[in-house]
$ cat work17.cif   # mmCIF, C-alpha atoms
data_query
loop_
_atom_site.label_atom_id
_atom_site.label_comp_id
_atom_site.auth_asym_id
_atom_site.auth_seq_id
_atom_site.Cartn_x
_atom_site.Cartn_y
_atom_site.Cartn_z
CA MET A 12 -74.80 -3.97 40.13
CA ALA A 13 -71.59 -2.34 38.93
CA GLU A 14 -71.37 1.42 39.14
CA ILE A 15 -71.30 3.26 35.81
CA LYS A 16 -67.76 4.45 35.09
CA THR A 17 -68.48 7.32 32.69
CA LYS A 18 -69.35 10.39 34.73
CA ALA A 19 -69.28 14.14 34.28
CA THR A 20 -65.91 15.68 35.09
CA LYS A 21 -64.54 19.17 35.54
CA GLU A 22 -61.95 18.66 32.79
CA SER A 23 -61.73 21.34 30.10
CA VAL A 24 -63.68 20.59 26.93
CA THR A 25 -61.57 23.15 25.04
CA LYS A 26 -58.32 21.55 26.18
CA PHE A 27 -59.62 18.10 25.17
CA VAL A 28 -60.79 19.21 21.71
CA ASN A 29 -57.58 21.14 21.04
CA SER A 30 -55.53 18.03 21.85
CA ILE A 31 -57.22 15.89 19.17
CA GLN A 32 -55.09 14.54 16.34
CA PRO A 33 -55.00 14.49 13.36
CA ASP A 34 -55.95 18.08 12.50
CA GLU A 35 -58.91 17.02 10.31
CA LYS A 36 -60.49 15.22 13.27
CA LYS A 37 -59.80 18.23 15.51
CA LYS A 38 -61.48 20.53 12.96
CA ASP A 39 -64.51 18.20 12.83
CA ALA A 40 -64.66 18.11 16.65
CA LEU A 41 -64.52 21.93 16.85
CA THR A 42 -67.37 22.13 14.33
CA LEU A 43 -69.40 19.55 16.28
CA LEU A 44 -68.75 21.45 19.52
CA LYS A 45 -70.09 24.65 17.98
CA LEU A 46 -73.05 22.80 16.41
CA PHE A 47 -74.12 20.98 19.60
CA LYS A 48 -73.76 24.18 21.69
CA SER A 49 -75.83 26.14 19.19
CA VAL A 50 -78.57 23.53 18.86
CA THR A 51 -78.94 22.64 22.55
CA GLY A 52 -78.07 25.94 24.20
CA GLU A 53 -76.24 23.83 26.80
CA LYS A 54 -72.72 24.21 28.14
CA PRO A 55 -70.50 21.28 27.06
CA VAL A 56 -69.22 18.98 29.79
CA MET A 57 -66.59 16.25 29.62
CA TRP A 58 -67.94 12.80 30.48
CA GLY A 59 -65.09 10.45 31.26
CA THR A 60 -61.95 11.17 29.28
CA SER A 61 -63.30 11.44 25.74
CA ILE A 62 -67.02 12.25 25.54
CA VAL A 63 -68.42 15.78 25.25
CA GLY A 64 -71.99 15.81 26.57
CA PHE A 65 -74.76 18.39 26.56
CA GLY A 66 -77.51 18.54 29.17
CA LYS A 67 -77.95 16.08 32.00
CA TYR A 68 -80.60 13.86 33.48
CA HIS A 69 -80.82 11.27 36.23
CA TYR A 70 -82.08 7.81 35.45
CA LYS A 71 -83.08 4.79 37.49
CA SER A 72 -83.40 1.49 35.73
CA GLU A 73 -86.65 -0.31 36.46
CA LYS A 74 -85.07 -3.64 35.51
CA SER A 75 -81.96 -3.36 37.68
CA SER A 76 -80.75 -1.25 40.56
CA GLN A 77 -78.59 0.86 38.24
CA GLU A 78 -78.93 4.59 38.73
CA ALA A 79 -76.78 7.39 37.35
CA ASP A 80 -76.57 10.77 35.68
CA TRP A 81 -76.12 10.91 31.91
CA PHE A 82 -76.11 13.49 29.13
CA HIS A 83 -78.93 14.09 26.64
CA VAL A 84 -76.75 14.26 23.51
CA GLY A 85 -73.02 14.29 22.88
CA PHE A 86 -70.09 13.23 20.75
CA SER A 87 -66.67 11.65 20.95
CA PRO A 88 -63.94 12.03 18.31
CA ARG A 89 -62.65 8.45 18.43
CA LYS A 90 -59.71 7.07 16.49
CA GLN A 91 -61.91 5.08 14.08
CA ASN A 92 -64.74 7.63 13.66
CA LEU A 93 -66.78 10.43 15.12
CA THR A 94 -69.22 8.86 17.56
CA LEU A 95 -72.43 10.84 17.99
CA TYR A 96 -74.55 9.95 21.01
CA ILE A 97 -77.80 11.11 19.49
CA LEU A 98 -80.02 8.14 18.78
CA ALA A 99 -82.84 8.63 21.22
CA TRP A 100 -83.96 6.09 23.70
CA LYS A 101 -87.70 5.33 23.49
CA MET A 102 -88.10 7.04 20.12
CA GLU A 103 -88.93 5.76 16.66
CA GLU A 104 -86.03 5.93 14.24
CA PRO A 105 -85.82 9.55 13.11
CA LYS A 106 -86.97 10.07 9.52
CA LEU A 107 -84.13 12.57 9.00
CA LEU A 108 -81.60 9.72 8.92
CA VAL A 109 -82.42 9.01 5.25
CA LYS A 110 -81.25 12.54 4.37
CA LEU A 111 -78.17 12.58 6.60
CA GLY A 112 -75.52 11.03 4.35
CA LYS A 113 -72.97 8.30 5.02
CA TYR A 114 -73.09 6.82 8.54
CA LYS A 115 -73.36 3.61 10.55
CA LYS A 116 -75.42 3.14 13.68
CA GLY A 117 -75.52 0.93 16.71
CA GLY A 118 -75.96 1.02 20.46
CA GLY A 119 -77.70 4.40 20.50
CA CYS A 120 -74.93 6.02 18.47
CA LEU A 121 -74.27 7.24 14.95
CA TYR A 122 -70.80 6.68 13.59
CA ILE A 123 -69.41 8.89 10.84
CA ASN A 124 -65.91 8.83 9.41
CA ARG A 125 -65.71 12.57 8.86
CA LEU A 126 -68.13 15.45 9.08
CA SER A 127 -67.97 16.01 5.32
CA ASP A 128 -69.75 12.63 4.89
CA VAL A 129 -73.01 14.08 6.23
CA ASP A 130 -75.26 17.07 5.63
CA GLU A 131 -74.59 19.41 8.58
CA LYS A 132 -78.00 21.10 8.30
CA VAL A 133 -79.72 17.72 8.53
CA LEU A 134 -77.43 16.76 11.42
CA ALA A 135 -78.38 19.96 13.28
CA LYS A 136 -82.09 19.20 12.83
CA LEU A 137 -81.54 15.62 13.97
CA ILE A 138 -79.66 16.70 17.10
CA LYS A 139 -82.39 19.23 17.93
CA GLU A 140 -85.22 16.74 17.40
CA ILE A 141 -83.58 14.12 19.61
CA TYR A 142 -82.42 16.60 22.27
CA VAL A 143 -85.94 17.99 22.65
CA HIS A 144 -87.41 14.47 22.73
CA ARG A 145 -84.97 13.27 25.39
CA LYS A 146 -85.56 16.30 27.62
CA LYS A 147 -89.31 15.77 27.36
CA ILE A 148 -89.12 12.02 28.03
CA HIS A 149 -86.82 12.38 31.03
CA LYS A 150 -88.81 15.23 32.55
CA LYS A 151 -91.96 13.07 32.32
CA GLU A 152 -90.18 10.06 33.86
CA GLU A 153 -88.81 12.25 36.65
CA ARG A 154 -92.31 13.49 37.50
CA LEU A 155 -93.63 9.90 37.53
CA ARG A 156 -90.77 8.75 39.82
CA ASP A 157 -91.32 11.69 42.15
CA ALA A 158 -95.05 10.93 42.34
CA LYS A 159 -94.29 7.28 43.04
CA ASP A 160 -91.77 8.29 45.75
CA GLY A 161 -94.27 10.75 47.27
CA LYS A 162 -92.29 13.89 46.46
#
$ encode --input "work17.cif" --output "structure tokens"
Amino acid sequence: MAEIKTKATKESVTKFVNSIQPDEKKKDALTLLKLFKSVTGEKPVMWGTSIVGFGKYHYKSEKSSQEADWFHVGFSPRKQNLTLYILAWKMEEPKLLVKLGKYKKGGGCLYINRLSDVDEKVLAKLIKEIYVHRKKIHKKEERLRDAKDGK
């Protein structure tokens, strides 16, 4: 099984966000950075070269031998859109999505063109709901794995 390439780094989140162009995307990224920090209470960490993640958990796939660390929620200001890594694994589709605004979704992500396309208060609630869910789910799975491994 191939090793996952996206990992936490020691690169500066501030330096990354301040390097974003154009200025509108940088402004949106700065707002997202503040929003995610406020909602999660977590310190932002760069994952790979372009993802800002919040929180961390370790997973082991039951279907393959893949195992890695990953973040609970995060975002990446991509060229085409703002990619929000907030659609929760093992969770029904959040009801808040109908109130969010203009977005696309796929692969566990929400894609928005610009922050002004969505309701920031709804986005904050959505991030919080999913962050709390993911922490709970992964803590439970960790306890089950530890029990199985005799820890």
$ residues_around --input "work17.cif" --residues "Val129 of chain A" --least-positions-apart "4" --cutoff "7 Å" --atoms "all atoms listed in the file" --output "list in words"
Leu111, Gly112 and Lys113 of chain A
$ atom_distance --input "work17.cif" --atom1 "atom CA of Leu43 of chain A" --atom2 "atom CA of Glu22 of chain A"
18.1 Å
$ resolve_selection --input "work17.cif" --expression "the PyMOL selection byres ((chain A and resi 25) around 10)" --output "ChimeraX atom specification"
/A:22-24,26-30,41,44,55-57
$ residues_around --input "work17.cif" --residues "segment 75-87 of chain A" --least-positions-apart "2" --cutoff "7 Å" --atoms "all atoms listed in the file" --output "mmCIF file with C-alpha atoms, keeping the file's coordinate frame"
data_model
loop_
_atom_site.group_PDB
_atom_site.id
_atom_site.type_symbol
_atom_site.label_atom_id
_atom_site.label_comp_id
_atom_site.auth_asym_id
_atom_site.auth_seq_id
_atom_site.Cartn_x
_atom_site.Cartn_y
_atom_site.Cartn_z
ATOM 1 C CA MET A 12 -74.800 -3.970 40.130
ATOM 2 C CA SER A 61 -63.300 11.440 25.740
ATOM 3 C CA ILE A 62 -67.020 12.250 25.540
ATOM 4 C CA VAL A 63 -68.420 15.780 25.250
ATOM 5 C CA GLY A 64 -71.990 15.810 26.570
ATOM 6 C CA PHE A 65 -74.760 18.390 26.560
ATOM 7 C CA GLY A 66 -77.510 18.540 29.170
ATOM 8 C CA LYS A 67 -77.950 16.080 32.000
ATOM 9 C CA TYR A 68 -80.600 13.860 33.480
ATOM 10 C CA HIS A 69 -80.820 11.270 36.230
ATOM 11 C CA TYR A 70 -82.080 7.810 35.450
ATOM 12 C CA LYS A 71 -83.080 4.790 37.490
ATOM 13 C CA SER A 72 -83.400 1.490 35.730
ATOM 14 C CA GLU A 73 -86.650 -0.310 36.460
ATOM 15 C CA ARG A 89 -62.650 8.450 18.430
ATOM 16 C CA LEU A 93 -66.780 10.430 15.120
ATOM 17 C CA THR A 94 -69.220 8.860 17.560
ATOM 18 C CA LEU A 95 -72.430 10.840 17.990
ATOM 19 C CA TYR A 96 -74.550 9.950 21.010
ATOM 20 C CA ILE A 97 -77.800 11.110 19.490
ATOM 21 C CA TYR A 142 -82.420 16.600 22.270
ATOM 22 C CA ARG A 145 -84.970 13.270 25.390
#
$ atom_distance --input "work17.cif" --atom1 "atom CA of Gln91 of chain A" --atom2 "atom CA of Glu53 of chain A"
26.8 Å
$ resolve_selection --input "work17.cif" --expression "the PyMOL selection byres ((chain A and resi 128) around 12)" --output "list in words"
Asp39, Asn92, Leu93, Lys110, Leu111, Gly112, Lys113, Tyr114, Lys115, Tyr122, Ile123, Asn124, Arg125, Leu126, Ser127, Val129, Asp130, Glu131, Val133 and Leu134 of chain A
$ atom_distance --input "work17.cif" --atom1 "atom CA of Thr20 of chain A" --atom2 "atom CA of Thr51 of chain A"
19.4 Å
$ residues_around --input "work17.cif" --residues "segment 58-60 of chain A" --least-positions-apart "6" --cutoff "8 Å" --atoms "all atoms listed in the file" --output "JSON, numbers by chain"
{"A": [16, 17, 18, 19, 20]}
$ write_last_selection --input "work17.cif" --atoms "C-alpha atoms" --output "compact mmCIF listing (two decimals), in the coordinates of the input"
# COMPACT_ATOMS: atom_id res chain seq x y z
CA LYS A 16 -67.76 4.45 35.09
CA THR A 17 -68.48 7.32 32.69
CA LYS A 18 -69.35 10.39 34.73
CA ALA A 19 -69.28 14.14 34.28
CA THR A 20 -65.91 15.68 35.09
$ closest_residue --input "work17.cif" --among "A:Pro88, A:Gly118, A:Lys136, A:Lys36" --to "Lys106 of chain A" --atoms "only C-alpha atoms"
A:Lys136
$ closest_residue --input "work17.cif" --among "A:Glu140, A:Lys90, A:Leu121, A:Ile148" --to "Glu35 of chain A" --atoms "all atoms listed in the file"
A:Lys90
$ closest_residue --input "work17.cif" --among "A:Lys21, A:Glu103, A:Lys74, A:Leu46" --to "Lys132 of chain A" --atoms "only C-alpha atoms"
A:Leu46
$ axis_aligned_box --input "work17.cif" --around "segment 143-146 of chain A" --padding-each-side "6 Å" --output "JSON"
{"center_x": -86.2, "center_y": 15.6, "center_z": 25.1, "size_x": 14.4, "size_y": 16.7, "size_z": 17.0}
$ build_atoms --input "work17.cif" --residues "segment 60-88 of chain A" --atoms "N, CA and C atoms" --output "compact mmCIF listing (two decimals), keeping the file's coordinate frame"
# COMPACT_ATOMS: atom_id res chain seq x y z
N THR A 60 -63.12 10.52 29.87
CA THR A 60 -61.95 11.17 29.28
C THR A 60 -62.12 11.60 27.84
N SER A 61 -63.24 11.17 27.18
CA SER A 61 -63.30 11.44 25.74
C SER A 61 -64.69 11.73 25.17
N ILE A 62 -65.67 11.95 26.03
CA ILE A 62 -67.02 12.25 25.54
C ILE A 62 -67.39 13.67 25.94
N VAL A 63 -67.91 14.43 24.99
CA VAL A 63 -68.42 15.78 25.25
C VAL A 63 -69.94 15.68 25.26
N GLY A 64 -70.54 15.95 26.42
CA GLY A 64 -71.99 15.81 26.57
C GLY A 64 -72.67 17.15 26.78
N PHE A 65 -73.96 17.17 26.45
CA PHE A 65 -74.76 18.39 26.56
C PHE A 65 -76.05 18.06 27.29
N GLY A 66 -76.34 18.81 28.35
CA GLY A 66 -77.51 18.54 29.17
C GLY A 66 -77.23 17.37 30.10
N LYS A 67 -78.14 17.16 31.04
CA LYS A 67 -77.95 16.08 32.00
C LYS A 67 -79.29 15.66 32.56
N TYR A 68 -79.42 14.37 32.81
CA TYR A 68 -80.60 13.86 33.48
C TYR A 68 -80.19 12.72 34.38
N HIS A 69 -81.07 12.37 35.31
CA HIS A 69 -80.82 11.27 36.23
C HIS A 69 -81.76 10.13 35.86
N TYR A 70 -81.22 8.95 35.76
CA TYR A 70 -82.08 7.81 35.45
C TYR A 70 -81.94 6.72 36.51
N LYS A 71 -83.04 5.99 36.65
CA LYS A 71 -83.08 4.79 37.49
C LYS A 71 -83.64 3.70 36.61
N SER A 72 -82.92 2.61 36.51
CA SER A 72 -83.40 1.49 35.73
C SER A 72 -84.49 0.75 36.50
N GLU A 73 -85.58 0.45 35.83
CA GLU A 73 -86.65 -0.31 36.46
C GLU A 73 -86.32 -1.80 36.49
N LYS A 74 -85.41 -2.23 35.62
CA LYS A 74 -85.07 -3.64 35.51
C LYS A 74 -83.90 -4.05 36.40
N SER A 75 -83.10 -3.07 36.81
CA SER A 75 -81.96 -3.36 37.68
C SER A 75 -81.88 -2.24 38.72
N SER A 76 -80.90 -2.30 39.55
CA SER A 76 -80.75 -1.25 40.56
C SER A 76 -79.84 -0.13 40.08
N GLN A 77 -79.50 -0.16 38.77
CA GLN A 77 -78.59 0.86 38.24
C GLN A 77 -79.25 2.23 38.25
N GLU A 78 -78.46 3.21 38.63
CA GLU A 78 -78.93 4.59 38.73
C GLU A 78 -77.73 5.49 38.47
N ALA A 79 -77.92 6.51 37.67
CA ALA A 79 -76.78 7.39 37.35
C ALA A 79 -77.26 8.65 36.65
N ASP A 80 -76.34 9.59 36.50
CA ASP A 80 -76.57 10.77 35.68
C ASP A 80 -76.00 10.47 34.30
N TRP A 81 -76.58 11.08 33.27
CA TRP A 81 -76.12 10.91 31.91
C TRP A 81 -76.46 12.16 31.12
N PHE A 82 -75.87 12.31 29.97
CA PHE A 82 -76.11 13.49 29.13
C PHE A 82 -77.21 13.20 28.11
N HIS A 83 -77.87 14.26 27.63
CA HIS A 83 -78.93 14.09 26.64
C HIS A 83 -78.37 13.74 25.27
N VAL A 84 -77.40 14.50 24.81
CA VAL A 84 -76.75 14.26 23.51
C VAL A 84 -75.27 14.58 23.68
N GLY A 85 -74.45 14.01 22.80
CA GLY A 85 -73.02 14.29 22.88
C GLY A 85 -72.26 13.65 21.74
N PHE A 86 -70.94 13.80 21.80
CA PHE A 86 -70.09 13.23 20.75
C PHE A 86 -68.72 12.88 21.32
N SER A 87 -68.03 12.01 20.60
CA SER A 87 -66.67 11.65 20.95
C SER A 87 -65.87 11.45 19.67
N PRO A 88 -64.79 12.19 19.50
CA PRO A 88 -63.94 12.03 18.31
C PRO A 88 -62.99 10.85 18.53
